[in-house]
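> Sharing my_file-v4.pdb, PDB, C-alpha atoms:
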ATOM      1  CA  MET A1340       0.000   0.000   0.000
ATOM      2  CA  ASN A1341       1.268   3.475  -0.846
ATOM      3  CA  SER A1342       1.835   5.788   2.092
ATOM      4  CA  PRO A1343       0.348   9.291   1.984
ATOM      5  CA  ALA A1344       3.869  10.683   1.543
ATOM      6  CA  SER A1345       4.294   8.687  -1.680
ATOM      7  CA  LYS A1346       1.271  10.218  -3.369
ATOM      8  CA  PRO A1347       2.030  12.851  -6.025
ATOM      9  CA  VAL A1348       1.561  16.441  -4.894
ATOM     10  CA  ARG A1349      -1.342  17.993  -6.747
ATOM     11  CA  ARG A1350      -1.104  21.587  -7.930
ATOM     12  CA  ASP A1351      -3.205  24.356  -9.427
ATOM     13  CA  VAL A1352      -2.870  24.205 -13.204
ATOM     14  CA  HIS A1353      -5.100  26.291 -15.482
ATOM     15  CA  GLY A1354      -5.536  25.819 -19.212
ATOM     16  CA  ILE A1355      -6.715  23.440 -21.917
ATOM     17  CA  VAL A1356      -4.829  20.338 -23.019
ATOM     18  CA  LEU A1357      -5.640  19.538 -26.634
ATOM     19  CA  LEU A1358      -5.145  15.802 -26.483
ATOM     20  CA  ASP A1359      -4.868  13.619 -29.550
ATOM     21  CA  LYS A1360      -6.774  10.757 -27.953
ATOM     22  CA  PRO A1361      -5.542   7.332 -29.013
ATOM     23  CA  ALA A1362      -7.862   4.500 -29.974
ATOM     24  CA  GLY A1363      -8.735   2.116 -27.174
ATOM     25  CA  TYR A1364      -8.996   4.768 -24.463
ATOM     26  CA  SER A1365     -12.288   5.954 -23.054
ATOM     27  CA  SER A1366     -12.521   9.716 -22.608
ATOM     28  CA  ASN A1367     -12.365   9.298 -18.836
ATOM     29  CA  GLN A1368      -9.273   7.092 -19.030
ATOM     30  CA  ALA A1369      -7.575   9.753 -21.155
ATOM     31  CA  LEU A1370      -8.672  12.456 -18.726
ATOM     32  CA  GLN A1371      -7.234  10.638 -15.704
ATOM     33  CA  ARG A1372      -3.951  10.020 -17.502
ATOM     34  CA  VAL A1373      -3.547  13.693 -18.422
ATOM     35  CA  LYS A1374      -4.572  14.830 -14.947
ATOM     36  CA  ARG A1375      -1.823  12.661 -13.419
ATOM     37  CA  LEU A1376       0.802  13.896 -15.892
ATOM     38  CA  PHE A1377       0.082  17.538 -15.006
ATOM     39  CA  ARG A1378      -0.468  16.698 -11.320
ATOM     40  CA  ALA A1379      -3.552  18.879 -11.584
ATOM     41  CA  ARG A1380      -6.004  19.282  -8.734
ATOM     42  CA  LYS A1381      -8.999  19.617 -11.019
ATOM     43  CA  ALA A1382      -9.754  18.421 -14.542
ATOM     44  CA  GLY A1383     -12.646  17.680 -16.864
ATOM     45  CA  HIS A1384     -13.047  16.703 -20.505
ATOM     46  CA  THR A1385     -15.424  18.156 -23.062
ATOM     47  CA  GLY A1386     -17.278  16.218 -25.685
ATOM     48  CA  SER A1387     -16.673  12.504 -25.111
ATOM     49  CA  LEU A1388     -15.121  10.319 -27.770
ATOM     50  CA  ASP A1389     -15.862   6.604 -28.047
ATOM     51  CA  PRO A1390     -12.916   4.256 -27.368
ATOM     52  CA  LEU A1391     -12.793   3.477 -31.104
ATOM     53  CA  ALA A1392     -12.351   7.151 -31.983
ATOM     54  CA  THR A1393      -9.153   9.199 -32.031
ATOM     55  CA  GLY A1394      -8.387  12.874 -32.269
ATOM     56  CA  VAL A1395      -9.221  16.134 -30.554
ATOM     57  CA  LEU A1396     -10.270  15.730 -26.932
ATOM     58  CA  PRO A1397      -9.984  19.023 -25.019
ATOM     59  CA  ILE A1398      -9.163  18.452 -21.365
ATOM     60  CA  CYS A1399      -9.767  21.462 -19.147
ATOM     61  CA  LEU A1400      -7.537  21.885 -16.117
ATOM     62  CA  GLY A1401      -8.285  24.075 -13.112
ATOM     63  CA  GLU A1402     -10.195  27.265 -13.889
ATOM     64  CA  ALA A1403     -10.544  26.196 -17.520
ATOM     65  CA  THR A1404     -13.308  23.832 -16.376
ATOM     66  CA  LYS A1405     -15.463  26.975 -16.182
ATOM     67  CA  VAL A1406     -15.462  27.253 -19.980
ATOM     68  CA  SER A1407     -15.906  23.520 -20.632
ATOM     69  CA  GLY A1408     -19.659  23.862 -21.103
ATOM     70  CA  TYR A1409     -19.115  26.216 -24.018
ATOM     71  CA  LEU A1410     -16.816  23.674 -25.662
ATOM     72  CA  LEU A1411     -19.574  21.079 -25.336
ATOM     73  CA  ASP A1412     -21.815  23.397 -27.364
ATOM     74  CA  ALA A1413     -19.230  23.910 -30.118
ATOM     75  CA  ASP A1414     -19.379  22.467 -33.631
ATOM     76  CA  LYS A1415     -17.326  19.330 -34.300
ATOM     77  CA  TYR A1416     -15.259  18.184 -37.302
ATOM     78  CA  TYR A1417     -14.655  14.501 -38.092
ATOM     79  CA  GLN A1418     -13.084  12.180 -40.604
ATOM     80  CA  ALA A1419     -14.830   8.821 -40.766
ATOM     81  CA  VAL A1420     -14.640   5.476 -42.527
ATOM     82  CA  CYS A1421     -17.650   3.205 -42.712
ATOM     83  CA  ARG A1422     -18.382  -0.210 -44.163
ATOM     84  CA  LEU A1423     -21.493  -0.217 -46.292
ATOM     85  CA  GLY A1424     -23.945  -3.111 -46.229
ATOM     86  CA  GLU A1425     -23.281  -4.277 -42.658
ATOM     87  CA  ALA A1426     -25.147  -3.312 -39.495
ATOM     88  CA  THR A1427     -23.705  -3.936 -36.034
ATOM     89  CA  THR A1428     -25.166  -3.825 -32.543
ATOM     90  CA  THR A1429     -23.237  -0.660 -31.681
ATOM     91  CA  GLY A1430     -23.118   1.103 -35.038
ATOM     92  CA  ASP A1431     -19.356   0.679 -35.165
ATOM     93  CA  ALA A1432     -16.735  -2.036 -35.490
ATOM     94  CA  GLU A1433     -16.790  -2.803 -31.759
ATOM     95  CA  GLY A1434     -20.226  -4.402 -32.050
ATOM     96  CA  GLU A1435     -21.378  -7.708 -33.489
ATOM     97  CA  VAL A1436     -22.623  -7.857 -37.067
ATOM     98  CA  ILE A1437     -26.386  -8.348 -36.959
ATOM     99  CA  ALA A1438     -27.274  -7.929 -40.638
ATOM    100  CA  ARG A1439     -25.623  -7.994 -44.055
ATOM    101  CA  TYR A1440     -27.119  -6.512 -47.208
ATOM    102  CA  PRO A1441     -26.233  -6.743 -50.898
ATOM    103  CA  LEU A1442     -24.396  -3.724 -52.244
ATOM    104  CA  PRO A1443     -25.665  -1.885 -55.317
ATOM    105  CA  ALA A1444     -23.256  -0.411 -57.835
ATOM    106  CA  LEU A1445     -22.236   2.959 -56.433
ATOM    107  CA  GLU A1446     -20.804   5.973 -58.192
ATOM    108  CA  PRO A1447     -19.253   9.034 -56.483
ATOM    109  CA  ALA A1448     -21.834  11.271 -58.160
ATOM    110  CA  HIS A1449     -24.673   9.340 -56.509
ATOM    111  CA  VAL A1450     -22.938   9.472 -53.137
ATOM    112  CA  ALA A1451     -22.485  13.239 -53.514
ATOM    113  CA  GLN A1452     -26.203  13.572 -54.289
ATOM    114  CA  VAL A1453     -27.131  11.623 -51.152
ATOM    115  CA  PHE A1454     -24.704  13.713 -49.090
ATOM    116  CA  ALA A1455     -26.302  16.913 -50.404
ATOM    117  CA  GLY A1456     -29.657  15.655 -49.139
ATOM    118  CA  LEU A1457     -28.222  15.260 -45.652
ATOM    119  CA  HIS A1458     -27.041  18.863 -45.367
ATOM    120  CA  GLY A1459     -28.953  21.059 -42.956
ATOM    121  CA  PRO A1460     -31.184  20.009 -40.064
ATOM    122  CA  LEU A1461     -31.425  16.266 -39.501
ATOM    123  CA  GLU A1462     -33.361  14.236 -36.966
ATOM    124  CA  GLN A1463     -31.417  11.468 -35.261
ATOM    125  CA  ILE A1464     -32.513   8.858 -32.766
ATOM    126  CA  PRO A1465     -29.622   8.460 -30.288
ATOM    127  CA  PRO A1466     -28.120   4.958 -30.375
ATOM    128  CA  MET A1467     -28.654   2.599 -27.463
ATOM    129  CA  TYR A1468     -24.891   2.359 -27.095
ATOM    130  CA  SER A1469     -24.510   5.967 -25.945
ATOM    131  CA  ALA A1470     -23.902   7.779 -22.668
ATOM    132  CA  LEU A1471     -27.347   9.382 -22.565
ATOM    133  CA  LYS A1472     -29.417   8.506 -19.522
ATOM    134  CA  HIS A1473     -32.844   6.896 -19.258
ATOM    135  CA  GLN A1474     -34.409   6.999 -15.776
ATOM    136  CA  GLY A1475     -30.974   7.514 -14.255
ATOM    137  CA  GLN A1476     -29.192   4.757 -16.167
ATOM    138  CA  ARG A1477     -26.792   5.108 -19.090
ATOM    139  CA  LEU A1478     -28.245   3.781 -22.320
ATOM    140  CA  TYR A1479     -25.162   1.635 -22.959
ATOM    141  CA  THR A1480     -25.693  -0.047 -19.575
ATOM    142  CA  LEU A1481     -29.238  -0.974 -20.580
ATOM    143  CA  ALA A1482     -28.050  -2.098 -24.011
ATOM    144  CA  ARG A1483     -25.436  -4.410 -22.505
ATOM    145  CA  ALA A1484     -28.180  -5.908 -20.364
ATOM    146  CA  GLY A1485     -30.179  -6.650 -23.506
ATOM    147  CA  ARG A1486     -32.722  -3.891 -22.980
ATOM    148  CA  GLU A1487     -33.843  -1.362 -25.550
ATOM    149  CA  VAL A1488     -35.884   1.686 -24.614
ATOM    150  CA  GLU A1489     -37.631   4.309 -26.675
ATOM    151  CA  ARG A1490     -35.478   7.363 -27.426
ATOM    152  CA  ALA A1491     -36.844  10.685 -28.583
ATOM    153  CA  PRO A1492     -35.353  11.958 -31.858
ATOM    154  CA  ARG A1493     -33.073  14.967 -31.634
ATOM    155  CA  CYS A1494     -32.473  17.636 -34.242
ATOM    156  CA  VAL A1495     -28.836  18.148 -35.225
ATOM    157  CA  GLN A1496     -27.239  20.205 -37.971
ATOM    158  CA  ILE A1497     -24.987  18.895 -40.735
ATOM    159  CA  HIS A1498     -23.051  21.904 -41.986
ATOM    160  CA  ALA A1499     -20.846  20.051 -44.476
ATOM    161  CA  LEU A1500     -20.526  16.441 -45.615
ATOM    162  CA  THR A1501     -17.836  15.519 -48.120
ATOM    163  CA  LEU A1502     -16.938  12.248 -49.815
ATOM    164  CA  GLU A1503     -13.244  11.458 -49.407
ATOM    165  CA  SER A1504     -13.058   8.033 -51.080
ATOM    166  CA  LEU A1505     -15.192   5.084 -52.192
ATOM    167  CA  GLN A1506     -13.502   1.706 -52.559
ATOM    168  CA  GLY A1507     -15.810  -1.295 -52.663
ATOM    169  CA  PRO A1508     -17.814  -1.405 -49.438
ATOM    170  CA  MET A1509     -15.515   1.128 -47.710
ATOM    171  CA  LEU A1510     -16.627   4.747 -47.795
ATOM    172  CA  SER A1511     -14.614   7.604 -46.265
ATOM    173  CA  PHE A1512     -16.116  11.010 -45.563
ATOM    174  CA  SER A1513     -15.554  14.197 -43.594
ATOM    175  CA  VAL A1514     -18.274  16.013 -41.702
ATOM    176  CA  HIS A1515     -18.742  19.348 -39.970
ATOM    177  CA  CYS A1516     -21.693  19.054 -37.604
ATOM    178  CA  SER A1517     -23.389  20.539 -34.567
ATOM    179  CA  LYS A1518     -23.091  19.299 -31.024
ATOM    180  CA  GLY A1519     -25.027  16.132 -30.258
ATOM    181  CA  THR A1520     -24.463  14.560 -33.689
ATOM    182  CA  TYR A1521     -23.787  10.826 -33.610
ATOM    183  CA  VAL A1522     -21.518  10.003 -36.538
ATOM    184  CA  ARG A1523     -22.357   6.301 -36.056
ATOM    185  CA  THR A1524     -26.017   7.111 -36.636
ATOM    186  CA  LEU A1525     -25.085   9.309 -39.595
ATOM    187  CA  ALA A1526     -23.130   6.414 -41.138
ATOM    188  CA  GLU A1527     -26.170   4.138 -40.755
ATOM    189  CA  GLU A1528     -28.337   6.787 -42.444
ATOM    190  CA  ILE A1529     -25.841   7.143 -45.274
ATOM    191  CA  GLY A1530     -25.880   3.382 -45.835
ATOM    192  CA  ALA A1531     -29.669   3.296 -45.887
ATOM    193  CA  ARG A1532     -29.998   6.224 -48.298
ATOM    194  CA  LEU A1533     -27.428   4.712 -50.649
ATOM    195  CA  GLY A1534     -29.523   1.542 -50.876
ATOM    196  CA  CYS A1535     -27.008  -0.490 -48.885
ATOM    197  CA  GLY A1536     -29.361  -1.349 -46.037
ATOM    198  CA  SER A1537     -27.113   0.159 -43.409
ATOM    199  CA  ALA A1538     -23.461   0.768 -42.567
ATOM    200  CA  HIS A1539     -21.189   0.889 -39.539
ATOM    201  CA  LEU A1540     -18.144   2.943 -38.627
ATOM    202  CA  THR A1541     -14.752   1.272 -38.822
ATOM    203  CA  ALA A1542     -12.724   4.389 -37.961
ATOM    204  CA  LEU A1543     -13.489   7.839 -36.609
ATOM    205  CA  ARG A1544     -11.177  10.765 -35.975
ATOM    206  CA  ARG A1545     -12.222  14.133 -34.588
ATOM    207  CA  THR A1546     -10.143  16.735 -36.383
ATOM    208  CA  GLY A1547     -11.505  19.909 -34.827
ATOM    209  CA  LEU A1548     -13.756  21.376 -32.186
ATOM    210  CA  GLY A1549     -15.092  24.925 -32.228
ATOM    211  CA  GLN A1550     -12.433  27.615 -32.196
ATOM    212  CA  LEU A1551      -9.670  25.152 -31.260
ATOM    213  CA  ALA A1552      -9.258  23.612 -34.708
ATOM    214  CA  GLN A1553      -6.006  25.466 -35.434
ATOM    215  CA  HIS A1554      -4.179  24.734 -32.179
ATOM    216  CA  THR A1555      -1.509  22.071 -31.644
ATOM    217  CA  LEU A1556      -2.519  18.570 -30.564
ATOM    218  CA  TYR A1557      -0.420  16.544 -28.138
ATOM    219  CA  THR A1558      -0.282  12.767 -27.891
ATOM    220  CA  LEU A1559      -0.104  10.981 -24.554
ATOM    221  CA  GLU A1560       3.430   9.913 -25.450
ATOM    222  CA  ALA A1561       4.523  13.510 -26.047
ATOM    223  CA  LEU A1562       2.947  14.727 -22.814
ATOM    224  CA  THR A1563       4.518  11.857 -20.878
ATOM    225  CA  ALA A1564       7.964  12.770 -22.216
ATOM    226  CA  LEU A1565       7.478  16.411 -21.218
ATOM    227  CA  ALA A1566       6.245  15.444 -17.756
ATOM    228  CA  GLU A1567       9.334  13.306 -17.202
ATOM    229  CA  HIS A1568      11.954  15.710 -18.560
ATOM    230  CA  ASP A1569      10.693  19.299 -18.915
ATOM    231  CA  ASP A1570       7.906  20.501 -16.644
ATOM    232  CA  ALA A1571       8.140  24.065 -17.985
ATOM    233  CA  ALA A1572       7.538  22.801 -21.523
ATOM    234  CA  LEU A1573       4.674  20.662 -20.243
ATOM    235  CA  LEU A1574       2.963  23.732 -18.813
ATOM    236  CA  ALA A1575       3.738  25.655 -22.007
ATOM    237  CA  SER A1576       1.765  23.043 -23.970
ATOM    238  CA  LEU A1577      -1.457  24.331 -22.422
ATOM    239  CA  THR A1578      -3.802  26.287 -24.662
ATOM    240  CA  PRO A1579      -5.099  29.458 -22.935
ATOM    241  CA  MET A1580      -8.628  28.936 -21.700
ATOM    242  CA  ASP A1581      -9.988  32.002 -23.509
ATOM    243  CA  ALA A1582      -8.915  30.507 -26.863
ATOM    244  CA  ALA A1583     -12.065  28.391 -26.733
ATOM    245  CA  LEU A1584     -14.114  31.603 -26.812
ATOM    246  CA  SER A1585     -12.103  33.618 -29.327
ATOM    247  CA  HIS A1586     -15.255  34.188 -31.413
ATOM    248  CA  TRP A1587     -16.858  36.097 -28.521
ATOM    249  CA  PRO A1588     -16.368  39.888 -28.379
ATOM    250  CA  GLN A1589     -13.824  40.995 -25.788
ATOM    251  CA  ILE A1590     -14.122  43.840 -23.306
ATOM    252  CA  MET A1591     -11.147  45.530 -21.674
ATOM    253  CA  LEU A1592     -12.098  46.783 -18.216
ATOM    254  CA  ASP A1593     -10.285  49.557 -16.422
ATOM    255  CA  GLN A1594      -9.056  48.935 -12.899
ATOM    256  CA  ALA A1595     -12.172  50.265 -11.192
ATOM    257  CA  SER A1596     -14.613  48.405 -13.464
ATOM    258  CA  ALA A1597     -12.696  45.143 -13.066
ATOM    259  CA  HIS A1598     -12.872  45.557  -9.290
ATOM    260  CA  PHE A1599     -16.651  46.022  -9.323
ATOM    261  CA  VAL A1600     -17.167  43.118 -11.735
ATOM    262  CA  ARG A1601     -15.131  40.855  -9.452
ATOM    263  CA  GLN A1602     -17.505  41.887  -6.652
ATOM    264  CA  GLY A1603     -20.416  40.639  -8.762
ATOM    265  CA  GLN A1604     -21.606  44.096  -9.851
ATOM    266  CA  ALA A1605     -22.575  45.211 -13.343
ATOM    267  CA  VAL A1606     -20.778  48.192 -14.877
ATOM    268  CA  PHE A1607     -21.167  50.531 -17.826
ATOM    269  CA  VAL A1608     -18.394  50.248 -20.424
ATOM    270  CA  PRO A1609     -18.125  52.825 -23.220
ATOM    271  CA  ASN A1610     -18.599  51.460 -26.763
ATOM    272  CA  ALA A1611     -19.441  47.969 -25.486
ATOM    273  CA  PRO A1612     -21.592  45.582 -27.575
ATOM    274  CA  THR A1613     -25.311  45.956 -27.029
ATOM    275  CA  HIS A1614     -26.147  42.288 -26.508
ATOM    276  CA  GLY A1615     -24.707  38.805 -26.039
ATOM    277  CA  ASP A1616     -21.887  37.137 -24.171
ATOM    278  CA  LEU A1617     -18.428  38.616 -23.753
ATOM    279  CA  ARG A1618     -14.854  37.822 -22.745
ATOM    280  CA  LEU A1619     -13.708  40.069 -19.923
ATOM    281  CA  TYR A1620     -10.133  41.278 -19.412
ATOM    282  CA  ASP A1621      -8.660  43.511 -16.721
ATOM    283  CA  ALA A1622      -6.397  46.533 -17.172
ATOM    284  CA  ALA A1623      -3.372  44.208 -17.353
ATOM    285  CA  GLN A1624      -5.061  42.346 -20.251
ATOM    286  CA  ARG A1625      -5.564  39.228 -18.154
ATOM    287  CA  PHE A1626      -8.617  37.103 -18.904
ATOM    288  CA  ILE A1627     -10.864  37.285 -15.834
ATOM    289  CA  GLY A1628     -13.969  35.477 -17.020
ATOM    290  CA  LEU A1629     -17.232  35.653 -18.922
ATOM    291  CA  GLY A1630     -19.730  38.472 -18.986
ATOM    292  CA  GLN A1631     -23.056  39.336 -20.544
ATOM    293  CA  VAL A1632     -24.824  42.503 -21.660
ATOM    294  CA  LEU A1633     -27.896  43.374 -19.598
ATOM    295  CA  GLU A1634     -31.023  45.012 -21.004
ATOM    296  CA  ASP A1635     -29.904  48.404 -19.723
ATOM    297  CA  GLY A1636     -26.558  48.073 -21.504
ATOM    298  CA  ARG A1637     -24.433  47.324 -18.446
ATOM    299  CA  ILE A1638     -21.876  44.526 -18.480
ATOM    300  CA  ALA A1639     -22.526  41.914 -15.807
ATOM    301  CA  PRO A1640     -20.296  39.028 -14.694
ATOM    302  CA  LYS A1641     -21.492  35.609 -15.820
ATOM    303  CA  ARG A1642     -18.671  33.226 -14.865
ATOM    304  CA  LEU A1643     -15.529  34.627 -13.279
ATOM    305  CA  LEU A1644     -12.165  33.002 -12.732
ATOM    306  CA  GLN A1645     -10.565  32.993  -9.325
ATOM    307  CA  SER A1646      -8.081  35.821  -9.166
TER     308      SER A1646
END
Could you show the structure in this file as C-alpha cells?


Amino acid sequence: MNSPASKPVRRDVHGIVLLDKPAGYSSNQALQRVKRLFRARKAGHTGSLDPLATGVLPICLGEATKVSGYLLDADKYYQAVCRLGEATTTGDAEGEVIARYPLPALEPAHVAQVFAGLHGPLEQIPPMYSALKHQGQRLYTLARAGREVERAPRCVQIHALTLESLQGPMLSFSVHCSKGTYVRTLAEEIGARLGCGSAHLTALRRTGLGQLAQHTLYTLEALTALAEHDDAALLASLTPMDAALSHWPQIMLDQASAHFVRQGQAVFVPNAPTHGDLRLYDAAQRFIGLGQVLEDGRIAPKRLLQS
C-alpha cells in the first residue's frame, strides 16, 4: 500500500490540453492520464469520444473547467470510414454484425447527391450504445443488459458532408456538424440512403472542435515525455482557456470596473456591444472570465475566474 507521503503532490494548473486521444482509451481514461501527468487538482473533458475514436479531446484543467460547457456546445469536425452493407449492434466495429445486405453499384456522383440531401437540419434517434441517460441509467448499460428503450429523436445540424473516397464497401467522408451529432447514426443513415441497407463505422477521428481547430494537438506519449523531462515545456503546452471563446467579443475593463465586476456588480463600459456574451479582461489584459450585456446596456459578470 502506498503511504500518503508517496502520493504525487497535486497543484493548481489552469488551461486546456488539446489531447490527440488514441484508440482504445475511453474519454475518462484519457482524462485521468492527463490529470496525473500535469499533477492537476482539477480536470474535466469536453465532448466525449468513443474508445474506437481518435483525435481532438480538449481536457480542461483548473479554472478552464469553467469554460468547458461552451466547448460542449461547439461544432465538431470529423473524418470517418464506414463499411457499407453491414449493421452492427453498436453502429461501429466494436459491435457484433447483426445484418448484411447486398451492395448496389455505387458511383461518387450518386454518393455526392445523397450527401447533399443530408445537409442542414437532420433528426437522429440516439443509439442505445450511448452515454445518454434513461431513468438515471446510461443507455449503454441498458443495451449491454439486452434492454432497448424508446429514445426521442433529436435535431442536429450537418453543416458540411464531403466524400473522401469510395472503394468497394468502404466509404470515407468528412463532416462538420453541430453538437449532439452521432456520426455512427449518420453512417447508418448514409448506408440506408445509398440503398445499402445500413453501414457501420470502422474508424473515426475528430479533427476539430469549435475555435480550437487550429491549435496544436499533443499525444499521450509527447505529454509523458514532457512530464518526465521538462515541466516548464509541459505547462507551455497548455492552450489558454480564452482561446475556446475567441469568437466572442472581448471587453477591456479599467481597474475600477474590473474591481466592481469581481464583486459581482454590473458596470457601464463605453462602446461595449449591445447584446450577447463577452470575454472580460482587466487593465493588465488578463482574462478574468465571462460576462453578458444586460437590457440596460451594463456589463454583468457571468462566470468569473478565481483571481

> Would you translate the PyMOL selection byres ((chain A and resi 1412) around 12) into the concrete set of residues it matches in this file, as a ChimeraX atom specification?

/A:1385-1386,1406-1411,1413-1415,1495,1516-1520,1548-1550,1583-1584

> Neighbours of segment 1552-1564 of chain A within 8 Å (all atoms listed in the file; same-chain residues fewer than 6 positions away dropped), as a PyMOL selection string?

chain A and resi 1356-1361+1373+1376+1395+1546+1573+1578

> Please define a box with edges along x, y and z of the file around all atoms of segment 1363-1380 of chain A given in the file, extend it by 3 Å on each side, and return its centre and edge lengths in Å to one decimal, as JSON.


{"center_x": -5.9, "center_y": 10.7, "center_z": -18.0, "size_x": 19.3, "size_y": 23.2, "size_z": 24.4}

> Atom CA of Trp1587 of chain A to atom CA of Leu1400 of chain A: how many Å, to one decimal?

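Going from atom CA of Trp1587 of chain A over to atom CA of Leu1400 of chain A, I get 21.0 Å.
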
> If we count all atoms listed in the file and set the cut-off at 7 Å, which residues sit around Thr1541 of chain A, ignoring sequence neighbours fewer than 4 positions away in its own chain? Please answer as a ChimeraX atom specification.

/A:1420-1422,1431-1432

> Give me the result of the PyMOL selection byres ((chain A and resi 1424-1426) around 7) on this file, residue by residue, as a compact mmCIF listing (two decimals) with C-alpha atoms, keeping the file's coordinate frame.


# COMPACT_ATOMS: atom_id res chain seq x y z
CA ARG A 1422 -18.38 -0.21 -44.16
CA LEU A 1423 -21.49 -0.22 -46.29
CA THR A 1427 -23.70 -3.94 -36.03
CA THR A 1428 -25.17 -3.82 -32.54
CA GLY A 1430 -23.12 1.10 -35.04
CA VAL A 1436 -22.62 -7.86 -37.07
CA ILE A 1437 -26.39 -8.35 -36.96
CA ALA A 1438 -27.27 -7.93 -40.64
CA ARG A 1439 -25.62 -7.99 -44.06
CA TYR A 1440 -27.12 -6.51 -47.21
CA PRO A 1441 -26.23 -6.74 -50.90
CA LEU A 1442 -24.40 -3.72 -52.24
CA GLY A 1530 -25.88 3.38 -45.84
CA CYS A 1535 -27.01 -0.49 -48.88
CA GLY A 1536 -29.36 -1.35 -46.04
CA SER A 1537 -27.11 0.16 -43.41
CA ALA A 1538 -23.46 0.77 -42.57
CA HIS A 1539 -21.19 0.89 -39.54

> From the set A:Asp1621, A:Asp1389, A:Glu1435, A:Glu1503, which residue has the shortest atom-to-atom contact distance to Leu1643 of chain A, counting all atoms listed in the file?

A:Asp1621

> Between A:Arg1378, A:Lys1346, A:Tyr1364, A:Val1514, which residue has the minimum interatomic distance to Asp1570 of chain A, considering only C-alpha atoms?

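Of A:Arg1378, A:Lys1346, A:Tyr1364, A:Val1514, the one nearest Asp1570 of chain A, counting only C-alpha atoms, is A:Arg1378.
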
> Take the point (-28.9, 8.7, -51.9) as written in the file and pick out every residue within 10 Å of it, counting all atoms listed in the file; give the list as a compact mmCIF listing (two decimals) with C-alpha atoms, in the frame of the given file.


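Just written: part_4.txt:
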# COMPACT_ATOMS: atom_id res chain seq x y z
CA LEU A 1445 -22.24 2.96 -56.43
CA ALA A 1448 -21.83 11.27 -58.16
CA HIS A 1449 -24.67 9.34 -56.51
CA VAL A 1450 -22.94 9.47 -53.14
CA ALA A 1451 -22.48 13.24 -53.51
CA GLN A 1452 -26.20 13.57 -54.29
CA VAL A 1453 -27.13 11.62 -51.15
CA PHE A 1454 -24.70 13.71 -49.09
CA ALA A 1455 -26.30 16.91 -50.40
CA GLY A 1456 -29.66 15.66 -49.14
CA LEU A 1457 -28.22 15.26 -45.65
CA GLU A 1528 -28.34 6.79 -42.44
CA ILE A 1529 -25.84 7.14 -45.27
CA GLY A 1530 -25.88 3.38 -45.84
CA ALA A 1531 -29.67 3.30 -45.89
CA ARG A 1532 -30.00 6.22 -48.30
CA LEU A 1533 -27.43 4.71 -50.65
CA GLY A 1534 -29.52 1.54 -50.88
CA CYS A 1535 -27.01 -0.49 -48.88

> Take the PyMOL selection byres ((chain A and resi 1460-1470) around 8), apply it to the structure above, and return the hits as a ChimeraX atom specification.

/A:1429-1430,1457-1459,1471-1472,1477-1482,1487-1488,1490-1497,1520-1521,1524-1525

> Out of A:Leu1565, A:Met1509, A:Leu1629, A:Leu1574, which residue has the shortest atom-to-atom distance to Leu1540 of chain A when counting only C-alpha atoms?

A:Met1509

> Taking all atoms listed in the file into account, name the residue in A:Ile1590, A:Leu1505, A:Ala1362, A:Val1600 that is nearest to Gln1624 of chain A.

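So, comparing all the options, the nearest one is A:Ile1590.
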
> In terms of the shortest atom-to-atom distance over all atoms listed in the file, which of A:Ala1499, A:Ala1369, A:Ala1571, A:Leu1633 is closest to His1614 of chain A?

A:Leu1633

> Measure the distance from atom CA of Ala1611 of chain A to atom CA of Leu1551 of chain A in Å and round it to one decimal.

25.5 Å

> Restricted to N, CA and C atoms, what does segment 1391-1403 of chain A look like when written out as a PDB file, in the first residue's frame?


ATOM      1  N   LEU A1391     -13.233   3.698 -29.725  1.00  0.00           N
ATOM      2  CA  LEU A1391     -12.793   3.477 -31.104  1.00  0.00           C
ATOM      3  C   LEU A1391     -12.200   4.736 -31.730  1.00  0.00           C
ATOM      4  N   ALA A1392     -12.694   5.895 -31.320  1.00  0.00           N
ATOM      5  CA  ALA A1392     -12.351   7.151 -31.983  1.00  0.00           C
ATOM      6  C   ALA A1392     -11.012   7.697 -31.500  1.00  0.00           C
ATOM      7  N   THR A1393     -10.390   8.495 -32.361  1.00  0.00           N
ATOM      8  CA  THR A1393      -9.153   9.199 -32.031  1.00  0.00           C
ATOM      9  C   THR A1393      -9.370  10.686 -32.277  1.00  0.00           C
ATOM     10  N   GLY A1394      -8.361  11.473 -31.908  1.00  0.00           N
ATOM     11  CA  GLY A1394      -8.387  12.874 -32.269  1.00  0.00           C
ATOM     12  C   GLY A1394      -8.643  13.821 -31.129  1.00  0.00           C
ATOM     13  N   VAL A1395      -9.164  14.996 -31.467  1.00  0.00           N
ATOM     14  CA  VAL A1395      -9.221  16.134 -30.554  1.00  0.00           C
ATOM     15  C   VAL A1395     -10.134  15.861 -29.366  1.00  0.00           C
ATOM     16  N   LEU A1396      -9.523  15.835 -28.184  1.00  0.00           N
ATOM     17  CA  LEU A1396     -10.270  15.730 -26.932  1.00  0.00           C
ATOM     18  C   LEU A1396      -9.746  16.825 -26.005  1.00  0.00           C
ATOM     19  N   PRO A1397     -10.444  17.964 -25.921  1.00  0.00           N
ATOM     20  CA  PRO A1397      -9.984  19.023 -25.019  1.00  0.00           C
ATOM     21  C   PRO A1397     -10.176  18.605 -23.564  1.00  0.00           C
ATOM     22  N   ILE A1398      -9.120  18.743 -22.794  1.00  0.00           N
ATOM     23  CA  ILE A1398      -9.163  18.452 -21.365  1.00  0.00           C
ATOM     24  C   ILE A1398      -8.887  19.749 -20.624  1.00  0.00           C
ATOM     25  N   CYS A1399      -9.851  20.184 -19.844  1.00  0.00           N
ATOM     26  CA  CYS A1399      -9.767  21.462 -19.147  1.00  0.00           C
ATOM     27  C   CYS A1399      -9.212  21.246 -17.747  1.00  0.00           C
ATOM     28  N   LEU A1400      -8.170  21.982 -17.429  1.00  0.00           N
ATOM     29  CA  LEU A1400      -7.537  21.885 -16.117  1.00  0.00           C
ATOM     30  C   LEU A1400      -7.834  23.139 -15.302  1.00  0.00           C
ATOM     31  N   GLY A1401      -8.095  22.952 -14.017  1.00  0.00           N
ATOM     32  CA  GLY A1401      -8.285  24.075 -13.112  1.00  0.00           C
ATOM     33  C   GLY A1401      -9.434  24.970 -13.513  1.00  0.00           C
ATOM     34  N   GLU A1402      -9.159  26.288 -13.579  1.00  0.00           N
ATOM     35  CA  GLU A1402     -10.195  27.265 -13.889  1.00  0.00           C
ATOM     36  C   GLU A1402     -10.762  27.108 -15.288  1.00  0.00           C
ATOM     37  N   ALA A1403     -10.038  26.409 -16.161  1.00  0.00           N
ATOM     38  CA  ALA A1403     -10.544  26.196 -17.520  1.00  0.00           C
ATOM     39  C   ALA A1403     -11.807  25.345 -17.529  1.00  0.00           C
TER      40      ALA A1403
END
